[in-house]
Structures are given as structure tokens and as C-alpha cells.
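S.K.: Got a file for you: run_21.pdb, PDB, C-alpha atoms.
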ATOM      1  CA  MET A 352     107.126 250.601 -73.725
ATOM      2  CA  GLU A 353     107.708 246.850 -73.528
ATOM      3  CA  ASN A 354     109.443 244.998 -76.327
ATOM      4  CA  PHE A 355     107.769 241.665 -77.074
ATOM      5  CA  SER A 356     110.314 240.564 -79.682
ATOM      6  CA  THR A 357     112.454 238.543 -77.250
ATOM      7  CA  PRO A 358     112.045 234.925 -78.340
ATOM      8  CA  ASN A 359     111.528 232.167 -75.848
ATOM      9  CA  PHE A 360     111.834 228.413 -76.178
ATOM     10  CA  PHE A 361     111.126 225.154 -74.443
ATOM     11  CA  MET A 362     113.102 221.946 -75.005
ATOM     12  CA  VAL A 363     112.051 218.419 -74.129
ATOM     13  CA  PHE A 364     114.143 215.267 -74.015
ATOM     14  CA  LEU A 365     112.465 211.874 -73.727
ATOM     15  CA  GLU A 366     113.475 208.277 -73.261
ATOM     16  CA  VAL A 367     110.897 205.708 -74.332
ATOM     17  CA  GLU A 368     110.574 201.963 -74.407
ATOM     18  CA  VAL A 369     108.451 200.461 -77.179
ATOM     19  CA  ASN A 370     107.229 196.879 -77.205
ATOM     20  CA  LYS A 371     107.559 195.857 -80.858
ATOM     21  CA  GLU A 372     105.114 192.956 -80.385
ATOM     22  CA  THR A 373     102.251 194.956 -78.849
ATOM     23  CA  GLY A 374     103.076 198.521 -79.937
ATOM     24  CA  LYS A 375     102.809 199.770 -76.351
ATOM     25  CA  VAL A 376     104.886 202.864 -75.546
ATOM     26  CA  ASP A 377     106.231 203.601 -72.085
ATOM     27  CA  VAL A 378     107.929 206.899 -71.372
ATOM     28  CA  ILE A 379     110.838 206.066 -69.088
ATOM     29  CA  ASP A 380     112.252 209.507 -68.412
ATOM     30  CA  MET A 381     111.584 213.120 -69.439
ATOM     31  CA  CYS A 382     113.307 216.416 -69.005
ATOM     32  CA  GLY A 383     112.002 219.781 -70.145
ATOM     33  CA  GLY A 384     113.608 223.140 -69.853
ATOM     34  CA  SER A 385     113.568 226.804 -70.715
ATOM     35  CA  ASP A 386     114.971 230.159 -69.799
ATOM     36  CA  ALA A 387     112.036 231.885 -68.164
ATOM     37  CA  GLY A 388     113.767 235.173 -67.531
ATOM     38  CA  GLN A 389     113.381 236.271 -63.947
ATOM     39  CA  VAL A 390     111.419 233.556 -62.139
ATOM     40  CA  LEU A 391     108.622 235.282 -60.235
ATOM     41  CA  ASP A 392     106.782 232.255 -58.835
ATOM     42  CA  PRO A 393     108.832 229.015 -58.995
ATOM     43  CA  ALA A 394     106.048 226.625 -57.959
ATOM     44  CA  THR A 395     103.583 227.992 -60.499
ATOM     45  CA  LEU A 396     106.253 227.995 -63.201
ATOM     46  CA  GLU A 397     106.997 224.330 -62.583
ATOM     47  CA  MET A 398     103.285 223.461 -62.719
ATOM     48  CA  GLN A 399     102.984 225.380 -66.006
ATOM     49  CA  CYS A 400     105.773 223.191 -67.359
ATOM     50  CA  HIS A 401     104.180 219.975 -66.106
ATOM     51  CA  GLY A 402     100.771 220.888 -67.498
ATOM     52  CA  GLY A 403     102.169 221.940 -70.852
ATOM     53  CA  ILE A 404     104.444 218.972 -71.315
ATOM     54  CA  GLY A 405     101.971 216.413 -70.023
ATOM     55  CA  SER A 406      98.357 216.916 -70.888
ATOM     56  CA  ALA A 407      98.984 219.495 -73.586
ATOM     57  CA  SER A 408     101.756 217.715 -75.458
ATOM     58  CA  LEU A 409     103.023 214.291 -74.387
ATOM     59  CA  ASP A 410      99.497 212.889 -74.328
ATOM     60  CA  THR A 411      98.915 214.350 -77.791
ATOM     61  CA  ALA A 412     101.624 212.032 -79.050
ATOM     62  CA  THR A 413     100.442 208.900 -77.294
ATOM     63  CA  PHE A 414      96.735 209.142 -76.334
ATOM     64  CA  GLU A 415      94.672 211.942 -77.757
ATOM     65  CA  GLU A 416      92.855 211.627 -81.002
ATOM     66  CA  HIS A 417      90.381 213.803 -82.814
ATOM     67  CA  ILE A 418      87.835 211.268 -84.056
ATOM     68  CA  ILE A 419      85.445 212.231 -86.830
ATOM     69  CA  ASP A 420      82.265 210.263 -87.531
ATOM     70  CA  PRO A 421      82.714 209.096 -91.138
ATOM     71  CA  ALA A 422      78.946 209.088 -91.719
ATOM     72  CA  THR A 423      78.225 212.634 -90.571
ATOM     73  CA  GLY A 424      81.620 214.343 -90.589
ATOM     74  CA  ARG A 425      81.028 215.525 -87.037
ATOM     75  CA  PRO A 426      83.602 215.251 -84.263
ATOM     76  CA  LEU A 427      83.031 212.470 -81.740
ATOM     77  CA  THR A 428      85.669 213.714 -79.314
ATOM     78  CA  TYR A 429      84.532 217.179 -78.389
ATOM     79  CA  ASN A 430      84.440 217.314 -74.592
ATOM     80  CA  MET A 431      86.655 216.537 -71.616
ATOM     81  CA  ILE A 432      84.904 213.206 -70.974
ATOM     82  CA  ASP A 433      85.840 211.848 -74.425
ATOM     83  CA  TYR A 434      89.300 213.420 -74.410
ATOM     84  CA  LYS A 435      91.945 210.830 -73.528
ATOM     85  CA  TRP A 436      94.660 211.998 -71.177
ATOM     86  CA  ARG A 437      96.311 210.813 -68.018
ATOM     87  CA  PRO A 438      96.070 212.394 -64.574
ATOM     88  CA  PHE A 439      99.246 213.912 -63.163
ATOM     89  CA  ASN A 440      99.773 211.009 -60.759
ATOM     90  CA  GLU A 441     100.179 208.663 -63.765
ATOM     91  CA  PHE A 442     102.899 210.718 -65.435
ATOM     92  CA  PRO A 443     106.296 209.181 -65.998
ATOM     93  CA  ARG A 444     109.317 210.484 -64.136
ATOM     94  CA  PHE A 445     109.692 214.105 -65.107
ATOM     95  CA  GLN A 446     112.280 216.770 -64.456
ATOM     96  CA  THR A 447     112.293 220.466 -65.305
ATOM     97  CA  VAL A 448     115.384 222.586 -65.732
ATOM     98  CA  LEU A 449     114.712 226.302 -65.641
ATOM     99  CA  MET A 450     117.257 229.022 -66.187
ATOM    100  CA  SER A 451     116.696 232.462 -64.784
ATOM    101  CA  SER A 452     118.067 235.336 -66.865
ATOM    102  CA  GLN A 453     117.439 239.029 -66.530
ATOM    103  CA  PHE A 454     115.906 240.060 -69.832
ATOM    104  CA  ASP A 455     116.163 243.813 -70.107
ATOM    105  CA  THR A 456     113.206 244.205 -72.434
ATOM    106  CA  TYR A 457     110.368 243.415 -70.047
ATOM    107  CA  GLN A 458     108.916 245.246 -67.096
ATOM    108  CA  PHE A 459     109.275 242.177 -64.863
ATOM    109  CA  LYS A 460     112.347 240.792 -66.688
ATOM    110  CA  ALA A 461     110.424 237.550 -67.331
ATOM    111  CA  VAL A 462     109.019 235.773 -70.373
ATOM    112  CA  GLY A 463     106.039 233.441 -70.620
ATOM    113  CA  VAL A 464     106.504 229.694 -70.455
ATOM    114  CA  GLY A 465     102.958 228.318 -70.093
ATOM    115  CA  GLU A 466     102.024 228.376 -73.776
ATOM    116  CA  ILE A 467     105.345 227.187 -75.154
ATOM    117  CA  ALA A 468     105.741 224.330 -72.652
ATOM    118  CA  GLY A 469     103.158 222.383 -74.628
ATOM    119  CA  ALA A 470     104.919 222.753 -77.949
ATOM    120  CA  ALA A 471     107.863 220.374 -77.792
ATOM    121  CA  ALA A 472     106.942 217.137 -76.005
ATOM    122  CA  ALA A 473     104.728 215.707 -78.747
ATOM    123  CA  SER A 474     107.388 215.965 -81.430
ATOM    124  CA  ALA A 475     110.084 214.777 -78.994
ATOM    125  CA  ALA A 476     107.935 211.744 -78.151
ATOM    126  CA  MET A 477     107.297 210.936 -81.803
ATOM    127  CA  GLN A 478     111.008 211.156 -82.580
ATOM    128  CA  ALA A 479     111.917 209.027 -79.546
ATOM    129  CA  ILE A 480     109.369 206.394 -80.622
ATOM    130  CA  SER A 481     110.728 206.460 -84.182
ATOM    131  CA  ASN A 482     114.287 206.063 -82.896
ATOM    132  CA  ALA A 483     113.248 203.201 -80.612
ATOM    133  CA  ILE A 484     111.653 201.140 -83.397
ATOM    134  CA  GLY A 485     113.917 202.195 -86.263
ATOM    135  CA  VAL A 486     111.005 203.406 -88.423
ATOM    136  CA  GLN A 487     109.694 206.966 -88.740
ATOM    137  CA  VAL A 488     106.277 207.335 -87.098
ATOM    138  CA  SER A 489     104.462 210.531 -88.032
ATOM    139  CA  THR A 490     100.804 209.747 -87.301
ATOM    140  CA  TYR A 491      99.356 211.198 -84.105
ATOM    141  CA  PRO A 492      98.663 209.641 -81.706
ATOM    142  CA  ALA A 493     101.286 206.891 -81.725
ATOM    143  CA  THR A 494      98.871 204.283 -80.443
ATOM    144  CA  PRO A 495      99.782 200.586 -80.569
ATOM    145  CA  ASP A 496      98.006 200.110 -83.910
ATOM    146  CA  VAL A 497      99.900 203.047 -85.460
ATOM    147  CA  ILE A 498     103.217 201.609 -84.272
ATOM    148  CA  LEU A 499     102.411 198.074 -85.419
ATOM    149  CA  LYS A 500     101.372 199.442 -88.818
ATOM    150  CA  ALA A 501     104.673 201.361 -89.086
ATOM    151  CA  LEU A 502     106.497 198.121 -88.285
ATOM    152  CA  GLY A 503     104.533 196.288 -91.004
ATOM    153  CA  LYS A 504     102.807 194.020 -88.480
ATOM    154  CA  LEU A 505      99.249 195.267 -88.971
TER     155      LEU A 505
END
What would the structure in this file look like if it were written as C-alpha cells?
M.R.:
Amino acid sequence: MENFSTPNFFMVFLEVEVNKETGKVDVIDMCGGSDAGQVLDPATLEMQCHGGIGSASLDTATFEEHIIDPATGRPLTYNMIDYKWRPFNEFPRFQTVLMSSQFDTYQFKAVGVGEIAGAAAASAAMQAISNAIGVQVSTYPATPDVILKALGKL
């Protein structure tokens, strides 16, 4: 019987540059990492990390927005055409660091990374943006207008 109580984690570190006049955010450098247990397929694992950190999390902090029509209360962003995200070739420099342990609680001595890879980059980006401008920003996404409002310029 497998034991699914082994916790897993994913950490993300970001460096951002924020233009305080325009509110534009540029991610300069990123690093994400985890202990995946025994790595069974390195290339797929790295792509899981890139997909989770990028489109599932970093873009949540800087692009994506769930827009509701104030007149009807219905969502206006409900399909992949309206969903703002960047293609992989527009991602900032990105590095993954993956440890490989031998967890003794799983049949394959591995733990999942795909779902948790998308958990940390959004909050890391928001904190990096807040640190860069010296004001806490807690509204997703941190679009230029959100940043300028936080700075008292809008």
C-alpha cells in the first residue's frame, strides 16, 4: 500500500525590474526548484516545471485577469482566446533546480511536481514587485495600472 502523506514543495525565486513611471514589470531572472523524488523522465519533469511556473503562475501575477461584466455579472474571459498569457518563447530567463531523493513511501520513489509547480511563482512575483517599488501590491494581476495605483500615481 502506498503512503501519500509525503509532502512535496516547489520554490520560486524571481528578480524583477519595475518602471515606476509606466508601471511595466519585466522579469529579469527566475529559478524554481523542488525535490521530485526519483526522477523518472527528466525532460518531461523540466517541462512540467516550465508550464507550471510560466503559464499557470507567473502570468497569473502579471497578465491574467478574470473579468466580469458589471451589467450582467457574467465572465468575459472564459476561453483560451480571451485568456492573456505569453508563449514559451517569450518567457524570461528561467532555470530549474531539481533534487532527486529516494522516497521510500512510493512504488516508484517519486512525487508529483506538475500541480505544485504552478503554486509559487505568482506569490513570488507579487513579493518581488512589492520589494522593487517599496509598496505592498496584493491585487492580481500586477498590471501597470495596479502598480501605478499602489504608488499613488493613478
S.K.: Find, counting all atoms listed in the file, the residue in A:Gln389, A:Phe360, A:Gly374, A:Ala472 that gets nearest to A:Ala501.
M.R.: A:Gly374
S.K.: What are the closest atom pairs, with distances in Å to one decimal, for all residues of stretch 357-445 of chain A lying within 6 Å of stretch 491-497 of chain A? Consider only C-alpha atoms, order rows by chain and residue number, and present the result as CSV.
M.R.:
residue,atom,partner,partner_atom,distance
A:Gly374,CA,A:Pro495,CA,3.9
A:Lys375,CA,A:Pro495,CA,5.3
A:Ala412,CA,A:Pro492,CA,4.6
A:Thr413,CA,A:Pro492,CA,4.8
A:Phe414,CA,A:Pro492,CA,5.7
S.K.: Using C-alpha atoms, can you write the selected residues to a file as a PDB file, in the coordinates of the input?
M.R.:
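Contents of the output file result39.pdb:
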ATOM      1  CA  GLY A 374     103.076 198.521 -79.937  1.00  0.00           C
ATOM      2  CA  LYS A 375     102.809 199.770 -76.351  1.00  0.00           C
ATOM      3  CA  ALA A 412     101.624 212.032 -79.050  1.00  0.00           C
ATOM      4  CA  THR A 413     100.442 208.900 -77.294  1.00  0.00           C
ATOM      5  CA  PHE A 414      96.735 209.142 -76.334  1.00  0.00           C
TER       6      PHE A 414
END
S.K.: Identify, on the basis of all atoms listed in the file, every residue whose closest approach to A:Ala475 does not exceed 7 Å; exclude the query and any residue fewer than 3 positions from it along the same chain; express the result as JSON, numbers by chain.
M.R.: {"A": [363, 364, 365, 471, 472, 478, 479]}
S.K.: Report as JSON the centre and the edge lengths, in Å to one decimal, of the axis-aligned box holding every listed atom of stretch 398-408 of chain A, padded by 5 Å on each side.
M.R.:
{"center_x": 102.1, "center_y": 220.9, "center_z": -69.1, "size_x": 17.4, "size_y": 19.0, "size_z": 22.7}
S.K.: May I ask which of the residues A:Gly405, A:Gly383, A:Gly388, A:Pro358 is the closest one to A:Met450, counting all atoms listed in the file?
M.R.: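 Answer, going by the shortest atom-to-atom distance: A:Gly388.
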S.K.: Run the PyMOL selection byres ((chain A and resi 408) around 8) against the file shown and list the residues it catches, as a VMD selection string.
M.R.: chain A and resid 403 to 407 409 to 412 469 to 473
